[in-house]
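Q: Take a look at the following structure, please.
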Amino acid sequence: MKSVVIQQPNELVIEDRPLPAPAAGDVRVKIKLAGICGSDSHIYRGHNPFAKYPRVIGHEFFGEIDATGEGVDGARLGQRVSVDPVISCGHCYPCSVGKPNVCTSLVVLGVHRDGGFSEYAVVPAKNAWPIPDEIPDKHAVMVEPFTIAANVTGHAKPTEQDVALIYGAGPMGLVTVQALKGVYKVKQVIVVDRIDERLAMAQRSGADWVFNNAEQSLQAALEEKGIRPTLIVDAACHPSILQEAITMASPAARIVLMGFSSDPSQIVQQGITGKELSIFSSRLNANKFPVVIDWLKKGLIDPEKLITHTFDYHHVSDAIELFEKDQRQCCKVLLTFGQ
Ligand code: NAI
Ligand code: MN
Ligand code: ZN
């Protein structure tokens with residue numbers, strides 16, 4: 001089989017590898033589609049502290065089960081599946097409180113273990129979630145990015161009367177907007193970014209109001225309109241955003257952080273405690289695949305609105321380069337395998 005391998009930072013090859021046999025409890029998936037994410041590019045460029053090389057990247061992938069290991073129901077052969085990249089031990093403290101996404105021995109496919117940019121991948125059977133026939137392939141490959149939004153909303157528990165503010169109109173901001181509008185029917189969703197083309201995408205995904213903060217202050221604009229957000233999600237992840245969010249938030253608001261910056265954020269306690277704000281962080285997803293598959297079945301979200309490009313995997317380098325360089329035109333870039 002062919003696999004997309006990052007041999008070491010900045011060295012990508014399409015390599016011939018032996019077809020792996022599934023071990024007990026595993027299934028082998030013949031990949032059809034995979035999505036490119038910021039973290040794939042970070043591993044490629046050597047900017048991901050968790051990555052070990054060589055590595056088959058890709059943690060957003062969909063395909064068909066073509067072999068089953070011992071102890072796995074043979075009836076699953078041929079099943080269409082989306083793969084949850086989060087592999088957890090099931091018995092440590094975080095696992096025992098329902099947070100396998102921060103398991104003390106967390107393994108993420110495509111990061112710590114070989115992932116889905118490959119003609120085939122062997123994964124634990126329980127990570128391969130069956131996709132109902134009515135959900136098309138292009139939606140199925142987008143389950144993982146939407147699980148990030150499901151995890152965020154699982155913490156923040158949005159309601160219809162929320163006034164939500166989303167920082168960042170990249171893929172992560174857009175999945176969050178779609179969940180807030182489509183699933184939770186939030187009254188007002190505001191999106192802030194520095195790129196007009198991305199803000200236009202946010203509008204297509206349901207944002208009620210968008211704001212470009214490249215040259216103008218968001219804080220001043222919200223004050224002028226008398227808007228105090230009750231739910232703020234930071235999907236832009238600059239360390240300066242937290243204090244701005246704390247300042248603008250309504251009393252009793254919730255703030256959700258998604259960033260991994262290693263630079264400090266300077267914050268003032270009074271602004272948090274004085275308004276009794278709740279600050280959550282959200283990483284990957286905790287058992288959210290069935291949640292998102294249900295959203296798709298009910299038509300509450302529309303992944304097509306995020307897909308801007310599709311490449312055959314032979315052109316994976318071009319695809320990643322485009323994804324990195326053209327934030328104005330690119331959102332989700334997909335790779336096709338075996339087509
Ligand atoms: P992206 O880079 O495509 O989008 C970020 C957007 O934020 C860009 O459109 C950019 O113009 C905008 N932005 C940057 N600074 C801003 C500021 N100060 N004000 C307003 N807008 C600003 O990235 P993507 O894929 O959407 O991911 C967003 C962030 O989420 C990344 O930092 C990534 O590391 C993080 N992430 C976290 C996950 C988690 O589970 N916690 C999962 C996936 C991504
Ligand atoms: Mn991703
Ligand atoms: Zn664990």
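Within each chain, counting starts at residue 1; across the structure tokens, chains are named A, B, ... in the order shown, with ligands numbered 1 upward in that order.
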Once DSSP has gone over the backbone, tell me which residues of stretch 28-143 of chain A are in helix (DSSP H, G or I), as a list in words.
A: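 The residues of stretch 28-143 of chain A classed as helix (DSSP H, G or I) are Gly38, Ser39, Asp40, Ser41, His42, Ile43, Tyr44, Gly74, Ala75, Arg76, Tyr93, Pro94, Cys95, Ser96, Pro100, Asn101, Val102, Ala125, Lys126, Asn127, Asp137, Lys138, His139, Ala140 and Val143 of chain A.
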Q: Find the spatial neighbours of stretch 213-222 of chain A, counting only C-alpha atoms, within a cut-off of 8 Å - ignore same-chain residues fewer than 2 positions away - and output them as a PyMOL selection string.
A: chain A and resi 192-195+211+224-228+244+248
Q: Could I get the residues of chain A with an atom no further than 8 Å from an atom of ligand 1, each paired with its nearest atom pair and that distance in Å to one decimal, using only C-alpha atoms and all ligand atoms, sorted by chain and residue number, as JSON lines?
A:
{"residue": "A:Cys37", "atom": "CA", "partner": "ligand 1", "partner_atom_place_in_ligand_line": "25 (O)", "distance": 6.1}
{"residue": "A:Gly38", "atom": "CA", "partner": "ligand 1", "partner_atom_place_in_ligand_line": "25 (O)", "distance": 5.2}
{"residue": "A:Ser39", "atom": "CA", "partner": "ligand 1", "partner_atom_place_in_ligand_line": "34 (O)", "distance": 7.1}
{"residue": "A:Pro145", "atom": "CA", "partner": "ligand 1", "partner_atom_place_in_ligand_line": "43 (C)", "distance": 7.5}
{"residue": "A:Ile148", "atom": "CA", "partner": "ligand 1", "partner_atom_place_in_ligand_line": "40 (O)", "distance": 5.5}
{"residue": "A:Tyr167", "atom": "CA", "partner": "ligand 1", "partner_atom_place_in_ligand_line": "20 (C)", "distance": 5.2}
{"residue": "A:Gly168", "atom": "CA", "partner": "ligand 1", "partner_atom_place_in_ligand_line": "7 (O)", "distance": 3.5}
{"residue": "A:Ala169", "atom": "CA", "partner": "ligand 1", "partner_atom_place_in_ligand_line": "9 (O)", "distance": 4.8}
{"residue": "A:Gly170", "atom": "CA", "partner": "ligand 1", "partner_atom_place_in_ligand_line": "26 (O)", "distance": 3.4}
{"residue": "A:Pro171", "atom": "CA", "partner": "ligand 1", "partner_atom_place_in_ligand_line": "26 (O)", "distance": 4.0}
{"residue": "A:Met172", "atom": "CA", "partner": "ligand 1", "partner_atom_place_in_ligand_line": "26 (O)", "distance": 3.7}
{"residue": "A:Gly173", "atom": "CA", "partner": "ligand 1", "partner_atom_place_in_ligand_line": "26 (O)", "distance": 5.5}
{"residue": "A:Leu174", "atom": "CA", "partner": "ligand 1", "partner_atom_place_in_ligand_line": "26 (O)", "distance": 7.5}
{"residue": "A:Val192", "atom": "CA", "partner": "ligand 1", "partner_atom_place_in_ligand_line": "20 (C)", "distance": 5.2}
{"residue": "A:Asp193", "atom": "CA", "partner": "ligand 1", "partner_atom_place_in_ligand_line": "21 (N)", "distance": 3.5}
{"residue": "A:Arg194", "atom": "CA", "partner": "ligand 1", "partner_atom_place_in_ligand_line": "11 (O)", "distance": 4.8}
{"residue": "A:Ile195", "atom": "CA", "partner": "ligand 1", "partner_atom_place_in_ligand_line": "11 (O)", "distance": 5.5}
{"residue": "A:Arg198", "atom": "CA", "partner": "ligand 1", "partner_atom_place_in_ligand_line": "9 (O)", "distance": 6.2}
{"residue": "A:Asn212", "atom": "CA", "partner": "ligand 1", "partner_atom_place_in_ligand_line": "20 (C)", "distance": 7.5}
{"residue": "A:Asn213", "atom": "CA", "partner": "ligand 1", "partner_atom_place_in_ligand_line": "20 (C)", "distance": 6.2}
{"residue": "A:Ala214", "atom": "CA", "partner": "ligand 1", "partner_atom_place_in_ligand_line": "19 (N)", "distance": 7.5}
{"residue": "A:Asp234", "atom": "CA", "partner": "ligand 1", "partner_atom_place_in_ligand_line": "30 (O)", "distance": 7.8}
{"residue": "A:Ala235", "atom": "CA", "partner": "ligand 1", "partner_atom_place_in_ligand_line": "28 (C)", "distance": 4.7}
{"residue": "A:Ala236", "atom": "CA", "partner": "ligand 1", "partner_atom_place_in_ligand_line": "7 (O)", "distance": 3.7}
{"residue": "A:Cys237", "atom": "CA", "partner": "ligand 1", "partner_atom_place_in_ligand_line": "32 (O)", "distance": 4.7}
{"residue": "A:His238", "atom": "CA", "partner": "ligand 1", "partner_atom_place_in_ligand_line": "15 (N)", "distance": 5.7}
{"residue": "A:Ser240", "atom": "CA", "partner": "ligand 1", "partner_atom_place_in_ligand_line": "18 (N)", "distance": 7.2}
{"residue": "A:Ile241", "atom": "CA", "partner": "ligand 1", "partner_atom_place_in_ligand_line": "18 (N)", "distance": 6.3}
{"residue": "A:Leu257", "atom": "CA", "partner": "ligand 1", "partner_atom_place_in_ligand_line": "41 (N)", "distance": 7.2}
{"residue": "A:Met258", "atom": "CA", "partner": "ligand 1", "partner_atom_place_in_ligand_line": "41 (N)", "distance": 3.7}
{"residue": "A:Gly259", "atom": "CA", "partner": "ligand 1", "partner_atom_place_in_ligand_line": "32 (O)", "distance": 4.9}
{"residue": "A:Phe260", "atom": "CA", "partner": "ligand 1", "partner_atom_place_in_ligand_line": "34 (O)", "distance": 5.9}
{"residue": "A:Ser261", "atom": "CA", "partner": "ligand 1", "partner_atom_place_in_ligand_line": "32 (O)", "distance": 7.6}
{"residue": "A:Ser281", "atom": "CA", "partner": "ligand 1", "partner_atom_place_in_ligand_line": "41 (N)", "distance": 7.4}
{"residue": "A:Ser282", "atom": "CA", "partner": "ligand 1", "partner_atom_place_in_ligand_line": "41 (N)", "distance": 5.1}
{"residue": "A:Arg283", "atom": "CA", "partner": "ligand 1", "partner_atom_place_in_ligand_line": "40 (O)", "distance": 3.5}
{"residue": "A:Leu284", "atom": "CA", "partner": "ligand 1", "partner_atom_place_in_ligand_line": "40 (O)", "distance": 3.6}
{"residue": "A:Asn285", "atom": "CA", "partner": "ligand 1", "partner_atom_place_in_ligand_line": "40 (O)", "distance": 6.9}
{"residue": "A:Gln327", "atom": "CA", "partner": "ligand 1", "partner_atom_place_in_ligand_line": "3 (O)", "distance": 6.8}
{"residue": "A:Cys331", "atom": "CA", "partner": "ligand 1", "partner_atom_place_in_ligand_line": "3 (O)", "distance": 7.0}
Q: A:Gly74: which residues within 12 Å, counting only C-alpha atoms, same-chain residues fewer than 4 positions away excluded, as a list in words?
A: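 My list of contacting residues is Gly25, Asp26, Val27, Arg28, Ile65, Asp66, Ala67, Thr68, Gly69, Glu70, Gly78, Gln79 and Ala125 of chain A.
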Q: Next, write the just-selected residues to a file, as a compact mmCIF listing (two decimals), in the first residue's frame, keeping N, CA, C and O atoms as the atom set.
A:
# COMPACT_ATOMS: atom_id res chain seq x y z
N GLY A 25 -8.93 -7.22 18.06
CA GLY A 25 -9.63 -6.00 18.48
C GLY A 25 -9.53 -4.86 17.49
O GLY A 25 -10.13 -3.80 17.69
N ASP A 26 -8.78 -5.06 16.40
CA ASP A 26 -8.60 -4.00 15.41
C ASP A 26 -9.38 -4.28 14.13
O ASP A 26 -9.77 -5.42 13.86
N VAL A 27 -9.56 -3.24 13.34
CA VAL A 27 -10.07 -3.42 11.98
C VAL A 27 -9.10 -2.71 11.03
O VAL A 27 -8.39 -1.79 11.43
N ARG A 28 -9.09 -3.18 9.78
CA ARG A 28 -8.34 -2.45 8.77
C ARG A 28 -9.34 -1.67 7.92
O ARG A 28 -10.36 -2.23 7.48
N ILE A 65 -14.37 -0.77 6.11
CA ILE A 65 -13.65 -1.87 6.79
C ILE A 65 -13.40 -2.99 5.77
O ILE A 65 -14.35 -3.47 5.14
N ASP A 66 -12.13 -3.37 5.59
CA ASP A 66 -11.86 -4.45 4.62
C ASP A 66 -11.20 -5.66 5.25
O ASP A 66 -10.94 -6.65 4.56
N ALA A 67 -10.92 -5.62 6.56
CA ALA A 67 -10.44 -6.81 7.28
C ALA A 67 -10.70 -6.60 8.76
O ALA A 67 -10.66 -5.46 9.25
N THR A 68 -10.98 -7.69 9.46
CA THR A 68 -11.25 -7.59 10.90
C THR A 68 -10.27 -8.48 11.67
O THR A 68 -9.93 -9.57 11.20
N GLY A 69 -9.84 -8.02 12.82
CA GLY A 69 -8.96 -8.83 13.67
C GLY A 69 -9.77 -9.78 14.54
O GLY A 69 -11.02 -9.74 14.55
N GLU A 70 -9.06 -10.62 15.27
CA GLU A 70 -9.69 -11.60 16.16
C GLU A 70 -10.60 -10.89 17.16
O GLU A 70 -10.25 -9.82 17.68
N GLY A 78 -16.90 -4.39 5.16
CA GLY A 78 -17.65 -3.60 4.18
C GLY A 78 -18.33 -2.39 4.78
O GLY A 78 -18.85 -1.54 4.04
N GLN A 79 -18.34 -2.30 6.12
CA GLN A 79 -19.01 -1.17 6.76
C GLN A 79 -18.29 0.15 6.45
O GLN A 79 -17.07 0.21 6.46
N ALA A 125 -11.23 -1.39 16.68
CA ALA A 125 -12.59 -1.52 16.14
C ALA A 125 -13.52 -0.49 16.76
O ALA A 125 -14.41 0.06 16.09
Q: Which chains and residue numbers are within 12 Å of ligand 2, counting only C-alpha atoms and all ligand atoms, if I want them as a PyMOL selection string?
A: chain A and resi 34-42+57-61+83-86+108-111+115-116+141-149+170-172+175+283-285+331-334
Q: Hey, which of A:Ser3, A:Asn10, A:Thr230, A:Asn101 ends up closest to ligand 3? Count only C-alpha atoms and all ligand atoms.
A: A:Asn101
Q: May I have the residues within 10 Å of ligand 3, computed using only C-alpha atoms and all ligand atoms, as a list in words?
A: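 Here is the list of contacting residues: Ile87, Ser88, Cys89, Gly90, His91, Cys92, Tyr93, Pro94, Cys95, Ser96, Val97, Gly98, Lys99, Pro100, Asn101, Val102, Cys103, Thr104, Ser105, Leu106 and Val107 of chain A.
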Q: Output C-alpha atoms for every residue in that selection, as a CSV table (one decimal), in the first residue's frame.
A:
chain,number,residue,atom,x,y,z
A,87,ILE,CA,-7.2,6.3,21.7
A,88,SER,CA,-7.3,6.1,25.5
A,89,CYS,CA,-6.6,3.5,28.2
A,90,GLY,CA,-10.1,3.5,29.7
A,91,HIS,CA,-9.0,3.3,33.4
A,92,CYS,CA,-6.9,6.3,34.3
A,93,TYR,CA,-8.4,9.3,36.2
A,94,PRO,CA,-9.3,11.3,33.2
A,95,CYS,CA,-10.8,8.3,31.4
A,96,SER,CA,-12.8,7.4,34.6
A,97,VAL,CA,-14.4,10.9,34.6
A,98,GLY,CA,-15.4,10.8,30.9
A,99,LYS,CA,-12.4,12.6,29.5
A,100,PRO,CA,-10.5,10.0,27.3
A,101,ASN,CA,-9.4,12.9,25.2
A,102,VAL,CA,-6.9,13.8,27.9
A,103,CYS,CA,-6.1,10.2,29.0
A,104,THR,CA,-2.7,10.0,30.8
A,105,SER,CA,-1.5,7.7,28.1
A,106,LEU,CA,-3.3,9.4,25.2
A,107,VAL,CA,-2.5,8.2,21.7
Q: Between atom CA of A:Glu119 and atom CA of A:Ala51, what is the distance, to one decimal in Å?
A: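 If I compute the distance from atom CA of A:Glu119 to atom CA of A:Ala51, I get 21.2 Å.
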Q: For A:His139, find every residue with an atom within 8 Å (counting only C-alpha atoms), except residues of its own chain fewer than 6 positions away, and show them as a VMD selection string.
A: chain A and resid 296 302 to 304
Q: Do you know which residues are at most 7 Å from A:Ser205 counting only C-alpha atoms, after dropping those on the same chain fewer than 3 positions away, and could you put them as a list in words?
A: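 Once the adjacent positions are removed, what remains is Leu174, Val177, Gln178, Met201, Ala202 and Lys305 of chain A.
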Q: Next, write the just-selected residues to a file, as a CSV table (one decimal), in the first residue's frame, keeping N, CA, C and O atoms as the atom set.
A:
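The resulting file, selection_16.csv, is shown below:
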chain,number,residue,atom,x,y,z
A,174,LEU,N,-15.6,27.9,12.2
A,174,LEU,CA,-16.8,27.6,11.4
A,174,LEU,C,-17.6,26.4,11.9
A,174,LEU,O,-18.8,26.5,11.9
A,177,VAL,N,-19.5,27.7,14.8
A,177,VAL,CA,-20.7,28.6,14.3
A,177,VAL,C,-21.8,27.7,13.9
A,177,VAL,O,-23.0,27.8,14.3
A,178,GLN,N,-21.5,26.7,13.1
A,178,GLN,CA,-22.6,25.8,12.6
A,178,GLN,C,-23.3,25.0,13.8
A,178,GLN,O,-24.5,24.9,13.8
A,201,MET,N,-17.2,33.3,4.8
A,201,MET,CA,-17.5,31.9,5.0
A,201,MET,C,-18.3,31.8,6.3
A,201,MET,O,-19.2,30.9,6.4
A,202,ALA,N,-17.9,32.6,7.3
A,202,ALA,CA,-18.6,32.5,8.6
A,202,ALA,C,-20.1,32.8,8.4
A,202,ALA,O,-21.0,32.2,8.9
A,305,LYS,N,-20.2,23.3,3.3
A,305,LYS,CA,-19.9,24.7,3.4
A,305,LYS,C,-18.4,25.0,3.8
A,305,LYS,O,-18.0,26.1,3.6
Q: Check the DSSP output for the backbone and give back, as a list of chain:residue names, the residues of stretch 137-255 of chain A in strand (DSSP E or B).
A: A:Val163, A:Ala164, A:Leu165, A:Ile166, A:Tyr167, A:Gln188, A:Val189, A:Ile190, A:Val191, A:Val192, A:Asp193, A:Trp209, A:Val210, A:Phe211, A:Asn212, A:Leu231, A:Ile232, A:Val233, A:Asp234, A:Arg254, A:Ile255
Q: Here is a test: counting only C-alpha atoms, which residue of A:Leu199, A:Ala128, A:Ile307, A:Ala156 is nearest to A:Ser278?
A: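 Looking at the shortest contact to A:Ser278, the residue is A:Ala156.
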Q: Between atom CA of A:Arg328 and atom CA of A:Glu197, what is the spacing in Å?
A: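 Value for the atom CA of A:Glu197-atom CA of A:Arg328 distance: 5.4 Å.
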Q: Could you please determine the separation between atom CA of A:Gly154 and atom CA of A:Phe62 in Å, to one decimal place?
A: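 Between atom CA of A:Gly154 and atom CA of A:Phe62 the gap is 23.9 Å.
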